[in-house]
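Participant: My file is target.tsv. It has TSV, N, CA and C atoms and all ligand atoms:
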```tsv
chain	number	residue	atom	x	y	z
A	10	MET	N	104.29	94.47	121.39
A	10	MET	CA	104.10	94.39	119.94
A	10	MET	C	105.13	95.28	119.25
A	11	THR	N	105.83	94.73	118.29
A	11	THR	CA	106.81	95.52	117.53
A	11	THR	C	106.07	96.53	116.66
A	12	PRO	N	106.45	97.77	116.77
A	12	PRO	CA	105.75	98.75	115.93
A	12	PRO	C	106.11	98.59	114.46
A	13	ILE	N	105.15	98.94	113.63
A	13	ILE	CA	105.37	98.99	112.19
A	13	ILE	C	105.79	100.41	111.85
A	14	GLY	N	106.79	100.55	111.01
A	14	GLY	CA	107.26	101.88	110.66
A	14	GLY	C	106.99	102.22	109.21
A	15	GLY	N	107.01	103.51	108.95
A	15	GLY	CA	106.86	103.95	107.57
A	15	GLY	C	107.20	105.42	107.46
A	16	GLY	N	107.24	105.90	106.23
A	16	GLY	CA	107.54	107.31	106.05
A	16	GLY	C	107.71	107.66	104.58
A	17	CYS	N	108.13	108.89	104.38
A	17	CYS	CA	108.24	109.44	103.03
A	17	CYS	C	109.58	109.10	102.40
A	18	LEU	N	109.75	109.53	101.18
A	18	LEU	CA	110.97	109.24	100.42
A	18	LEU	C	112.23	109.83	101.06
A	19	CYS	N	112.15	111.06	101.57
A	19	CYS	CA	113.36	111.72	102.07
A	19	CYS	C	113.63	111.42	103.54
A	20	GLY	N	112.64	110.85	104.26
A	20	GLY	CA	112.85	110.49	105.66
A	20	GLY	C	112.47	111.59	106.64
A	21	GLU	N	112.02	112.72	106.12
A	21	GLU	CA	111.63	113.85	106.99
A	21	GLU	C	110.36	113.50	107.78
A	22	VAL	N	109.43	112.79	107.15
A	22	VAL	CA	108.20	112.37	107.83
A	22	VAL	C	108.28	110.88	108.12
A	23	ARG	N	108.15	110.53	109.40
A	23	ARG	CA	108.18	109.13	109.80
A	23	ARG	C	107.01	108.86	110.74
A	24	TYR	N	106.41	107.68	110.61
A	24	TYR	CA	105.35	107.30	111.54
A	24	TYR	C	105.62	105.91	112.09
A	25	GLU	N	104.97	105.63	113.23
A	25	GLU	CA	104.99	104.28	113.80
A	25	GLU	C	103.56	103.87	114.10
A	26	TYR	N	103.32	102.56	114.06
A	26	TYR	CA	101.98	102.06	114.30
A	26	TYR	C	102.03	100.80	115.14
A	27	ARG	N	101.16	100.78	116.14
A	27	ARG	CA	100.97	99.57	116.94
A	27	ARG	C	99.50	99.20	116.88
A	28	GLY	N	99.21	98.02	116.35
A	28	GLY	CA	97.82	97.59	116.27
A	28	GLY	C	97.61	96.65	115.11
A	29	MET	N	96.35	96.33	114.91
A	29	MET	CA	95.96	95.47	113.80
A	29	MET	C	96.12	96.23	112.48
A	30	VAL	N	96.75	95.58	111.52
A	30	VAL	CA	96.83	96.18	110.19
A	30	VAL	C	95.56	95.81	109.44
A	31	GLY	N	94.80	96.81	109.08
A	31	GLY	CA	93.53	96.58	108.41
A	31	GLY	C	93.72	96.19	106.95
A	32	PRO	N	92.60	96.00	106.25
A	32	PRO	CA	92.66	95.62	104.84
A	32	PRO	C	93.22	96.75	103.98
A	33	ALA	N	93.86	96.37	102.89
A	33	ALA	CA	94.33	97.35	101.93
A	33	ALA	C	93.35	97.40	100.77
A	34	ALA	N	93.12	98.60	100.26
A	34	ALA	CA	92.19	98.77	99.16
A	34	ALA	C	92.83	99.54	98.02
A	35	TYR	N	92.60	99.04	96.83
A	35	TYR	CA	92.98	99.78	95.64
A	35	TYR	C	91.87	100.78	95.36
A	36	CYS	N	92.23	102.04	95.11
A	36	CYS	CA	91.20	103.00	94.72
A	36	CYS	C	91.55	103.61	93.37
A	37	HIS	N	90.58	103.50	92.45
A	37	HIS	CA	90.79	103.96	91.08
A	37	HIS	C	90.16	105.33	90.83
A	38	CYS	N	89.74	106.03	91.87
A	38	CYS	CA	89.06	107.32	91.63
A	38	CYS	C	90.04	108.35	91.08
A	39	GLU	N	89.48	109.38	90.47
A	39	GLU	CA	90.34	110.38	89.82
A	39	GLU	C	91.19	111.13	90.84
A	40	ASP	N	90.63	111.41	92.01
A	40	ASP	CA	91.41	112.11	93.03
A	40	ASP	C	92.63	111.30	93.45
A	41	CYS	N	92.47	109.98	93.61
A	41	CYS	CA	93.60	109.14	93.98
A	41	CYS	C	94.62	109.08	92.85
A	42	ARG	N	94.11	109.10	91.61
A	42	ARG	CA	95.03	109.09	90.48
A	42	ARG	C	95.89	110.35	90.50
A	43	ARG	N	95.26	111.48	90.74
A	43	ARG	CA	96.01	112.74	90.74
A	43	ARG	C	96.96	112.85	91.93
A	44	CYS	N	96.51	112.46	93.10
A	44	CYS	CA	97.37	112.71	94.27
A	44	CYS	C	98.51	111.70	94.36
A	45	THR	N	98.37	110.56	93.69
A	45	THR	CA	99.50	109.63	93.67
A	45	THR	C	100.34	109.83	92.42
A	46	GLY	N	99.75	110.43	91.39
A	46	GLY	CA	100.43	110.55	90.11
A	46	GLY	C	100.54	109.22	89.40
A	47	SER	N	99.70	108.26	89.82
A	47	SER	CA	99.76	106.93	89.24
A	47	SER	C	98.36	106.44	88.91
A	48	ALA	N	98.26	105.20	88.47
A	48	ALA	CA	96.97	104.70	87.98
A	48	ALA	C	95.94	104.56	89.11
A	49	PHE	N	96.42	104.24	90.32
A	49	PHE	CA	95.50	104.05	91.45
A	49	PHE	C	96.27	104.20	92.74
A	50	ASN	N	95.52	104.34	93.82
A	50	ASN	CA	96.12	104.40	95.15
A	50	ASN	C	95.93	103.05	95.83
A	51	VAL	N	96.90	102.66	96.67
A	51	VAL	CA	96.69	101.51	97.54
A	51	VAL	C	96.77	102.03	98.97
A	52	GLY	N	95.63	102.01	99.65
A	52	GLY	CA	95.53	102.54	101.01
A	52	GLY	C	95.37	101.40	102.01
A	53	VAL	N	96.06	101.52	103.14
A	53	VAL	CA	95.98	100.50	104.20
A	53	VAL	C	95.34	101.12	105.43
A	54	ARG	N	94.26	100.50	105.91
A	54	ARG	CA	93.54	101.06	107.06
A	54	ARG	C	94.24	100.73	108.38
A	55	LEU	N	94.56	101.76	109.13
A	55	LEU	CA	95.16	101.60	110.46
A	55	LEU	C	94.27	102.31	111.49
A	56	GLU	N	94.34	101.85	112.72
A	56	GLU	CA	93.56	102.51	113.78
A	56	GLU	C	94.30	103.76	114.27
A	57	THR	N	93.56	104.86	114.33
A	57	THR	CA	94.16	106.15	114.71
A	57	THR	C	94.86	106.07	116.06
A	58	GLU	N	94.27	105.33	117.00
A	58	GLU	CA	94.84	105.30	118.36
A	58	GLU	C	96.22	104.66	118.41
A	59	GLY	N	96.58	103.86	117.40
A	59	GLY	CA	97.90	103.24	117.38
A	59	GLY	C	98.88	103.91	116.44
A	60	PHE	N	98.43	105.00	115.82
A	60	PHE	CA	99.22	105.65	114.76
A	60	PHE	C	99.87	106.93	115.29
A	61	PHE	N	101.19	107.00	115.20
A	61	PHE	CA	101.91	108.17	115.73
A	61	PHE	C	102.92	108.69	114.72
A	62	LEU	N	102.90	109.99	114.51
A	62	LEU	CA	103.99	110.62	113.77
A	62	LEU	C	105.16	110.73	114.72
A	63	VAL	N	106.30	110.21	114.34
A	63	VAL	CA	107.46	110.25	115.22
A	63	VAL	C	108.52	111.21	114.69
A	64	ARG	N	108.30	111.72	113.50
A	64	ARG	CA	109.26	112.68	112.94
A	64	ARG	C	108.55	113.53	111.88
A	65	GLY	N	108.87	114.82	111.87
A	65	GLY	CA	108.36	115.70	110.83
A	65	GLY	C	106.93	116.14	111.05
A	66	ALA	N	106.54	117.11	110.27
A	66	ALA	CA	105.17	117.64	110.32
A	66	ALA	C	104.67	117.73	108.90
A	67	PRO	N	103.93	116.69	108.47
A	67	PRO	CA	103.46	116.70	107.09
A	67	PRO	C	102.52	117.87	106.82
A	68	ARG	N	102.52	118.34	105.59
A	68	ARG	CA	101.52	119.31	105.18
A	68	ARG	C	100.24	118.57	104.85
A	69	ALA	N	99.14	119.31	104.82
A	69	ALA	CA	97.85	118.66	104.59
A	69	ALA	C	97.06	119.42	103.54
A	70	PHE	N	96.28	118.66	102.80
A	70	PHE	CA	95.39	119.23	101.79
A	70	PHE	C	94.04	118.55	101.91
A	71	THR	N	93.00	119.35	102.08
A	71	THR	CA	91.65	118.80	102.27
A	71	THR	C	90.78	119.09	101.06
A	72	LYS	N	90.07	118.05	100.62
A	72	LYS	CA	89.18	118.19	99.47
A	72	LYS	C	87.96	117.31	99.69
A	73	ALA	N	86.80	117.80	99.28
A	73	ALA	CA	85.60	116.97	99.36
A	73	ALA	C	85.67	115.93	98.25
A	74	ALA	N	85.52	114.67	98.61
A	74	ALA	CA	85.53	113.60	97.62
A	74	ALA	C	84.17	113.54	96.94
A	75	GLU	N	84.10	112.80	95.83
A	75	GLU	CA	82.85	112.67	95.10
A	75	GLU	C	81.77	112.02	95.98
A	76	SER	N	82.22	111.22	96.94
A	76	SER	CA	81.29	110.58	97.87
A	76	SER	C	80.66	111.59	98.83
A	77	GLY	N	81.20	112.82	98.85
A	77	GLY	CA	80.71	113.81	99.81
A	77	GLY	C	81.60	113.86	101.05
A	78	ASN	N	82.39	112.81	101.25
A	78	ASN	CA	83.34	112.77	102.36
A	78	ASN	C	84.43	113.81	102.17
A	79	SER	N	84.78	114.48	103.25
A	79	SER	CA	85.92	115.37	103.18
A	79	SER	C	87.16	114.56	103.55
A	80	LEU	N	88.16	114.59	102.66
A	80	LEU	CA	89.38	113.81	102.88
A	80	LEU	C	90.57	114.75	103.01
A	81	THR	N	91.40	114.50	104.02
A	81	THR	CA	92.62	115.29	104.18
A	81	THR	C	93.81	114.40	103.86
A	82	ARG	N	94.58	114.83	102.88
A	82	ARG	CA	95.76	114.07	102.47
A	82	ARG	C	97.00	114.73	103.05
A	83	HIS	N	97.79	113.91	103.74
A	83	HIS	CA	98.97	114.40	104.44
A	83	HIS	C	100.20	113.98	103.66
A	84	PHE	N	101.07	114.95	103.39
A	84	PHE	CA	102.23	114.66	102.53
A	84	PHE	C	103.46	115.40	103.04
A	85	CYS	N	104.62	114.91	102.65
A	85	CYS	CA	105.87	115.52	103.08
A	85	CYS	C	106.11	116.81	102.30
A	86	ALA	N	106.31	117.91	103.01
A	86	ALA	CA	106.53	119.19	102.34
A	86	ALA	C	107.91	119.25	101.70
A	87	ALA	N	108.83	118.41	102.17
A	87	ALA	CA	110.20	118.45	101.64
A	87	ALA	C	110.32	117.65	100.34
A	88	CYS	N	109.75	116.44	100.28
A	88	CYS	CA	109.94	115.60	99.09
A	88	CYS	C	108.64	115.36	98.32
A	89	GLY	N	107.51	115.76	98.89
A	89	GLY	CA	106.24	115.64	98.17
A	89	GLY	C	105.55	114.30	98.25
A	90	SER	N	106.16	113.33	98.92
A	90	SER	CA	105.53	112.01	98.98
A	90	SER	C	104.21	112.06	99.75
A	91	PRO	N	103.15	111.48	99.17
A	91	PRO	CA	101.92	111.31	99.95
A	91	PRO	C	102.13	110.25	101.02
A	92	VAL	N	101.66	110.48	102.24
A	92	VAL	CA	101.95	109.54	103.33
A	92	VAL	C	100.67	108.90	103.88
A	93	TYR	N	99.66	109.71	104.22
A	93	TYR	CA	98.42	109.11	104.71
A	93	TYR	C	97.25	110.05	104.50
A	94	THR	N	96.05	109.48	104.65
A	94	THR	CA	94.81	110.22	104.46
A	94	THR	C	93.93	110.04	105.68
A	95	SER	N	93.28	111.12	106.09
A	95	SER	CA	92.34	111.03	107.20
A	95	SER	C	91.02	111.67	106.78
A	96	SER	N	89.97	111.34	107.53
A	96	SER	CA	88.65	111.89	107.24
A	96	SER	C	87.93	112.17	108.54
A	97	PRO	N	87.36	113.39	108.68
A	97	PRO	CA	86.61	113.71	109.91
A	97	PRO	C	85.43	112.76	110.13
A	98	ARG	N	84.93	112.17	109.04
A	98	ARG	CA	83.80	111.25	109.20
A	98	ARG	C	84.23	109.92	109.82
A	99	HIS	N	85.51	109.60	109.67
A	99	HIS	CA	86.03	108.36	110.26
A	99	HIS	C	87.26	108.67	111.12
A	100	PRO	N	87.05	109.34	112.27
A	100	PRO	CA	88.20	109.75	113.09
A	100	PRO	C	88.96	108.58	113.70
A	101	ASP	N	88.34	107.40	113.69
A	101	ASP	CA	88.95	106.22	114.32
A	101	ASP	C	90.00	105.55	113.45
A	102	CYS	N	90.11	105.94	112.18
A	102	CYS	CA	91.13	105.29	111.33
A	102	CYS	C	91.81	106.27	110.39
A	103	VAL	N	93.01	105.88	109.98
A	103	VAL	CA	93.74	106.61	108.95
A	103	VAL	C	94.09	105.60	107.86
A	104	PHE	N	94.34	106.12	106.67
A	104	PHE	CA	94.72	105.25	105.56
A	104	PHE	C	96.13	105.64	105.11
A	105	VAL	N	97.09	104.77	105.40
A	105	VAL	CA	98.45	105.08	104.95
A	105	VAL	C	98.62	104.60	103.52
A	106	LYS	N	99.48	105.28	102.79
A	106	LYS	CA	99.83	104.83	101.45
A	106	LYS	C	100.63	103.55	101.60
A	107	ALA	N	100.19	102.50	100.93
A	107	ALA	CA	100.84	101.19	101.10
A	107	ALA	C	102.34	101.28	100.84
A	108	GLY	N	102.71	102.09	99.86
A	108	GLY	CA	104.11	102.20	99.49
A	108	GLY	C	104.97	102.94	100.51
A	109	SER	N	104.33	103.58	101.50
A	109	SER	CA	105.10	104.31	102.51
A	109	SER	C	105.57	103.39	103.64
A	110	LEU	N	105.04	102.17	103.68
A	110	LEU	CA	105.41	101.24	104.75
A	110	LEU	C	106.82	100.70	104.55
A	111	ASP	N	107.58	100.57	105.66
A	111	ASP	CA	108.94	100.02	105.56
A	111	ASP	C	108.90	98.57	105.10
A	112	ASP	N	107.89	97.83	105.55
A	112	ASP	CA	107.78	96.41	105.19
A	112	ASP	C	106.53	96.20	104.34
A	113	PRO	N	106.68	96.15	103.02
A	113	PRO	CA	105.51	96.03	102.15
A	113	PRO	C	104.76	94.72	102.35
A	114	ALA	N	105.39	93.75	103.04
A	114	ALA	CA	104.74	92.45	103.22
A	114	ALA	C	103.54	92.52	104.17
A	115	VAL	N	103.40	93.60	104.93
A	115	VAL	CA	102.25	93.69	105.85
A	115	VAL	C	100.97	94.11	105.12
A	116	VAL	N	101.11	94.47	103.85
A	116	VAL	CA	99.95	94.93	103.08
A	116	VAL	C	99.10	93.74	102.63
A	117	ASN	N	97.83	93.84	102.91
A	117	ASN	CA	96.90	92.75	102.67
A	117	ASN	C	95.74	93.21	101.77
A	118	PRO	N	95.92	93.15	100.45
A	118	PRO	CA	94.87	93.68	99.57
A	118	PRO	C	93.55	92.94	99.75
A	119	ALA	N	92.46	93.70	99.88
A	119	ALA	CA	91.17	93.07	100.15
A	119	ALA	C	90.11	93.39	99.10
A	120	TYR	N	90.19	94.56	98.52
A	120	TYR	CA	89.18	94.93	97.51
A	120	TYR	C	89.66	96.15	96.72
A	121	GLN	N	88.93	96.46	95.64
A	121	GLN	CA	89.20	97.70	94.92
A	121	GLN	C	87.91	98.49	94.78
A	122	SER	N	88.06	99.82	94.79
A	122	SER	CA	86.88	100.66	94.67
A	122	SER	C	87.04	101.65	93.52
A	123	TRP	N	85.92	102.24	93.13
A	123	TRP	CA	85.86	103.19	92.01
A	123	TRP	C	86.40	102.56	90.71
A	124	VAL	N	86.12	101.30	90.49
A	124	VAL	CA	86.58	100.66	89.25
A	124	VAL	C	85.89	101.30	88.03
A	125	SER	N	84.77	102.00	88.28
A	125	SER	CA	84.09	102.68	87.16
A	125	SER	C	84.98	103.76	86.55
A	126	SER	N	85.94	104.29	87.30
A	126	SER	CA	86.83	105.31	86.71
A	126	SER	C	88.25	104.79	86.52
A	127	SER	N	88.40	103.48	86.54
A	127	SER	CA	89.71	102.87	86.32
A	127	SER	C	90.22	103.15	84.91
A	128	VAL	N	91.52	103.42	84.79
A	128	VAL	CA	92.10	103.64	83.45
A	128	VAL	C	92.59	102.31	82.86
A	129	ASP	N	92.66	102.26	81.52
A	129	ASP	CA	93.07	101.02	80.84
A	129	ASP	C	94.45	100.55	81.31
A	130	TRP	N	95.32	101.51	81.64
A	130	TRP	CA	96.70	101.15	81.98
A	130	TRP	C	96.87	100.83	83.47
A	131	ALA	N	95.76	100.65	84.19
A	131	ALA	CA	95.85	100.26	85.59
A	131	ALA	C	96.34	98.82	85.72
A	132	GLU	N	96.08	98.02	84.68
A	132	GLU	CA	96.59	96.65	84.69
A	132	GLU	C	97.82	96.57	83.81
A	133	ILE	N	98.86	95.91	84.30
A	133	ILE	CA	100.09	95.77	83.52
A	133	ILE	C	99.97	94.56	82.62
A	134	PRO	N	99.98	94.77	81.29
A	134	PRO	CA	99.88	93.62	80.38
A	134	PRO	C	101.05	92.67	80.60
A	135	THR	N	100.76	91.37	80.65
A	135	THR	CA	101.81	90.40	80.96
A	135	THR	C	102.84	90.28	79.85
A	136	ASP	N	102.49	90.76	78.62
A	136	ASP	CA	103.44	90.63	77.51
A	136	ASP	C	104.34	91.85	77.34
A	137	LEU	N	104.29	92.81	78.26
A	137	LEU	CA	105.21	93.95	78.18
A	137	LEU	C	106.64	93.48	78.47
A	138	PRO	N	107.63	94.07	77.78
A	138	PRO	CA	109.01	93.76	78.14
A	138	PRO	C	109.23	94.07	79.62
A	139	ALA	N	109.93	93.17	80.30
A	139	ALA	CA	110.14	93.34	81.75
A	139	ALA	C	111.62	93.21	82.06
A	140	TYR	N	112.17	94.17	82.75
A	140	TYR	CA	113.60	94.19	83.07
A	140	TYR	C	113.75	94.00	84.58
A	141	LYS	N	114.72	93.20	84.99
A	141	LYS	CA	114.94	92.96	86.43
A	141	LYS	C	115.21	94.26	87.16
A	142	ARG	N	115.96	95.16	86.49
A	142	ARG	CA	116.24	96.47	87.05
A	142	ARG	C	115.88	97.51	86.01
A	143	GLY	N	116.30	98.74	86.22
A	143	GLY	CA	115.96	99.78	85.26
A	143	GLY	C	116.42	99.43	83.86
A	144	ARG	N	115.65	99.89	82.87
A	144	ARG	CA	116.05	99.64	81.49
A	144	ARG	C	117.18	100.60	81.16
A	145	SER	N	118.35	100.04	80.79
A	145	SER	CA	119.50	100.93	80.56
A	145	SER	C	119.76	101.14	79.08
B	201	ZN	ZN	109.98	113.57	102.58
B	202	ZN	ZN	90.26	107.26	95.65
```
Render the structure in this file as structure tokens.
Facilitator:
Amino acid sequence: MTPIGGGCLCGEVRYEYRGMVGPAAYCHCEDCRRCTGSAFNVGVRLETEGFFLVRGAPRAFTKAAESGNSLTRHFCAACGSPVYTSSPRHPDCVFVKAGSLDDPAVVNPAYQSWVSSSVDWAEIPTDLPAYKRGRS
């Protein structure tokens, strides 16, 4: 099986994965908003046994989520990119940030959670001006 690769913006943290790519979930909770700096997080469930860090040593930050679950968020200390999340309650899986994957086509959105705390700007209005590249 060809491994799936991913990593942070600067390339200091790299991972490889061999296994089934689980469902991707949008999370609108406030913690995900803050740690991504965006409207929501998109997390992809991978099996821990197939997930390997092949470069770098991400820093980690642990916080109890509103659900009571303790979540550890792993991020690159050099560039700050969030890379993946783990939880002692679910040692069998990790959740990688969808945007950290080298091939975004493997992401399979399945559901969204915490829509009760979703912000109005989580949806992009179709009538906004849209530029093929950066607005110059
Ligand atoms: Zn980095
Ligand atoms: Zn969340």
Participant: Would you compute the distance between atom C of A:His99 and atom C of A:Arg54? Give it in Å to one decimal.
Facilitator: 10.9 Å
Participant: Within 6.5 Å of ligand ZN 202 (chain B) (counting all atoms listed in the file), which residues show up? I'd like them as a PyMOL selection string.
Facilitator: chain A and resi 36-42+50
Participant: Keeping only N, CA and C atoms, take the residues you just selected and write them out as a PDB file, in the frame of the given file.
Facilitator:
```
ATOM      1  N   CYS A  36      92.230 102.040  95.110  1.00  0.00           N
ATOM      2  CA  CYS A  36      91.200 103.000  94.720  1.00  0.00           C
ATOM      3  C   CYS A  36      91.550 103.610  93.370  1.00  0.00           C
ATOM      4  N   HIS A  37      90.580 103.500  92.450  1.00  0.00           N
ATOM      5  CA  HIS A  37      90.790 103.960  91.080  1.00  0.00           C
ATOM      6  C   HIS A  37      90.160 105.330  90.830  1.00  0.00           C
ATOM      7  N   CYS A  38      89.740 106.030  91.870  1.00  0.00           N
ATOM      8  CA  CYS A  38      89.060 107.320  91.630  1.00  0.00           C
ATOM      9  C   CYS A  38      90.040 108.350  91.080  1.00  0.00           C
ATOM     10  N   GLU A  39      89.480 109.380  90.470  1.00  0.00           N
ATOM     11  CA  GLU A  39      90.340 110.380  89.820  1.00  0.00           C
ATOM     12  C   GLU A  39      91.190 111.130  90.840  1.00  0.00           C
ATOM     13  N   ASP A  40      90.630 111.410  92.010  1.00  0.00           N
ATOM     14  CA  ASP A  40      91.410 112.110  93.030  1.00  0.00           C
ATOM     15  C   ASP A  40      92.630 111.300  93.450  1.00  0.00           C
ATOM     16  N   CYS A  41      92.470 109.980  93.610  1.00  0.00           N
ATOM     17  CA  CYS A  41      93.600 109.140  93.980  1.00  0.00           C
ATOM     18  C   CYS A  41      94.620 109.080  92.850  1.00  0.00           C
ATOM     19  N   ARG A  42      94.110 109.100  91.610  1.00  0.00           N
ATOM     20  CA  ARG A  42      95.030 109.090  90.480  1.00  0.00           C
ATOM     21  C   ARG A  42      95.890 110.350  90.500  1.00  0.00           C
ATOM     22  N   ASN A  50      95.520 104.340  93.820  1.00  0.00           N
ATOM     23  CA  ASN A  50      96.120 104.400  95.150  1.00  0.00           C
ATOM     24  C   ASN A  50      95.930 103.050  95.830  1.00  0.00           C
TER      25      ASN A  50
END
```
Participant: Please identify the residues whose atoms come within 6 Å of ligand ZN 201 (chain B), using only N, CA and C atoms and all ligand atoms, and report them as a list in words.
Facilitator: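 With only N, CA and C atoms and all ligand atoms and a cut-off of 6 Å, ligand ZN 201 (chain B) is contacted by Cys17, Leu18, Cys19, Gly20, Glu21, Val22, Cys85, Ala86, Ala87, Cys88, Gly89 and Ser90 of chain A.
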Participant: Using Å and a single decimal, report how far atom C of A:Pro97 sits from atom CA of A:Ser126.
Facilitator: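 So the answer is 24.6 Å.
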Participant: Residues near A:Tyr93, anyone? I mean within 9 Å using only C-alpha atoms, not counting same-chain ones fewer than 5 positions away, as a list in words.
Facilitator: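 The residues that qualify are Gly52, Val53, Thr81, Arg82, His83, Phe84, Val103, Phe104, Val105, Lys106 and Ser109 of chain A.
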Participant: From a DSSP pass on the backbone, collect the residues of chain A flagged as helix (DSSP H, G or I) and hand them back as a list in words.
Facilitator: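 These are the residues in question: Glu39, Asp40, Cys41, Arg42, Arg43, Cys44, Thr45, Thr57, Glu58, Gly59, Ala107, Gly108, Ser109, Pro113, Ala114, Val115, Val124, Ser125, Ser126, Asp129, Trp130 and Ala131 of chain A.
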Participant: If I take atom CA of A:Val51 and atom CA of A:Pro67, how far is one from the other in Å, to one decimal?
Facilitator: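 Computing it gives 19.2 Å between the two atoms.
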Participant: For A:Gly15, please output as a list in words all residues within 6.5 Å (counting all atoms listed in the file; exclusion window: fewer than 2 positions along the same chain).
Facilitator: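 Answer for this query is Ile13, Cys17, Val22, Arg23, Tyr24, Glu25, Tyr26, Ser109, Leu110 and Asp111 of chain A.
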Participant: Store the residues of this selection in a file with N, CA and C atoms, as a tab-separated table (two decimals), keeping the file's coordinate frame.
Facilitator:
```
chain	number	residue	atom	x	y	z
A	13	ILE	N	105.15	98.94	113.63
A	13	ILE	CA	105.37	98.99	112.19
A	13	ILE	C	105.79	100.41	111.85
A	17	CYS	N	108.13	108.89	104.38
A	17	CYS	CA	108.24	109.44	103.03
A	17	CYS	C	109.58	109.10	102.40
A	22	VAL	N	109.43	112.79	107.15
A	22	VAL	CA	108.20	112.37	107.83
A	22	VAL	C	108.28	110.88	108.12
A	23	ARG	N	108.15	110.53	109.40
A	23	ARG	CA	108.18	109.13	109.80
A	23	ARG	C	107.01	108.86	110.74
A	24	TYR	N	106.41	107.68	110.61
A	24	TYR	CA	105.35	107.30	111.54
A	24	TYR	C	105.62	105.91	112.09
A	25	GLU	N	104.97	105.63	113.23
A	25	GLU	CA	104.99	104.28	113.80
A	25	GLU	C	103.56	103.87	114.10
A	26	TYR	N	103.32	102.56	114.06
A	26	TYR	CA	101.98	102.06	114.30
A	26	TYR	C	102.03	100.80	115.14
A	109	SER	N	104.33	103.58	101.50
A	109	SER	CA	105.10	104.31	102.51
A	109	SER	C	105.57	103.39	103.64
A	110	LEU	N	105.04	102.17	103.68
A	110	LEU	CA	105.41	101.24	104.75
A	110	LEU	C	106.82	100.70	104.55
A	111	ASP	N	107.58	100.57	105.66
A	111	ASP	CA	108.94	100.02	105.56
A	111	ASP	C	108.90	98.57	105.10
```
Participant: For A:Gly108, which of A:Val92, A:Cys44, A:Leu55, A:Trp123 is the closest residue, counting all atoms listed in the file?
Facilitator: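 Distance minimum relative to A:Gly108 lands on A:Val92.
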Participant: Show which residues sit within 10 Å of A:Leu80, as a VMD selection string. Count only C-alpha atoms, and ignore same-chain residues fewer than 6 positions away.
Facilitator: chain A and resid 69 to 74 94 to 99
Participant: Write out as a list in words which residues come within 9 Å of A:Asp101 when counting only C-alpha atoms, dropping same-chain ones fewer than 6 positions away.
Facilitator: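 Selected residues are Leu55, Glu56, Thr57 and Glu58 of chain A.
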Participant: Output as a ChimeraX atom specification all residues of stretch 52-143 of chain A that backbone DSSP marks as strand (DSSP E).
Facilitator: /A:52-56,60-64,68-73,79-84,91-95,102-106,118-122
Participant: Which residue gives the smallest distance to A:Tyr35 among A:Ala114, A:Leu137, A:Ala107, A:Ala119, with all atoms listed in the file counted?
Facilitator: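 Closest to A:Tyr35 of all the choices is A:Ala119.
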Participant: Give me the residues near A:Val128 as a ChimeraX atom specification, where near means some atom within 7 Å (using all atoms listed in the file) and where sequence neighbours in that chain fewer than 3 positions away do not count.
Facilitator: /A:37,48,124-125,131-132
Participant: Would you output that residue set with N, CA and C atoms, as an mmCIF file, in the frame of the given file?
Facilitator:
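Generated output (again-v9.cif):
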```
data_model
loop_
_atom_site.group_PDB
_atom_site.id
_atom_site.type_symbol
_atom_site.label_atom_id
_atom_site.label_comp_id
_atom_site.auth_asym_id
_atom_site.auth_seq_id
_atom_site.Cartn_x
_atom_site.Cartn_y
_atom_site.Cartn_z
ATOM 1 N N HIS A 37 90.580 103.500 92.450
ATOM 2 C CA HIS A 37 90.790 103.960 91.080
ATOM 3 C C HIS A 37 90.160 105.330 90.830
ATOM 4 N N ALA A 48 98.260 105.200 88.470
ATOM 5 C CA ALA A 48 96.970 104.700 87.980
ATOM 6 C C ALA A 48 95.940 104.560 89.110
ATOM 7 N N VAL A 124 86.120 101.300 90.490
ATOM 8 C CA VAL A 124 86.580 100.660 89.250
ATOM 9 C C VAL A 124 85.890 101.300 88.030
ATOM 10 N N SER A 125 84.770 102.000 88.280
ATOM 11 C CA SER A 125 84.090 102.680 87.160
ATOM 12 C C SER A 125 84.980 103.760 86.550
ATOM 13 N N ALA A 131 95.760 100.650 84.190
ATOM 14 C CA ALA A 131 95.850 100.260 85.590
ATOM 15 C C ALA A 131 96.340 98.820 85.720
ATOM 16 N N GLU A 132 96.080 98.020 84.680
ATOM 17 C CA GLU A 132 96.590 96.650 84.690
ATOM 18 C C GLU A 132 97.820 96.570 83.810
#
```
Participant: With all atoms listed in the file as the atoms that count, which of A:Arg142, A:Phe49, A:Val63, A:Asn78 lies nearest to A:Trp130?
Facilitator: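 Nearest candidate to A:Trp130 out of A:Arg142, A:Phe49, A:Val63, A:Asn78: A:Phe49.
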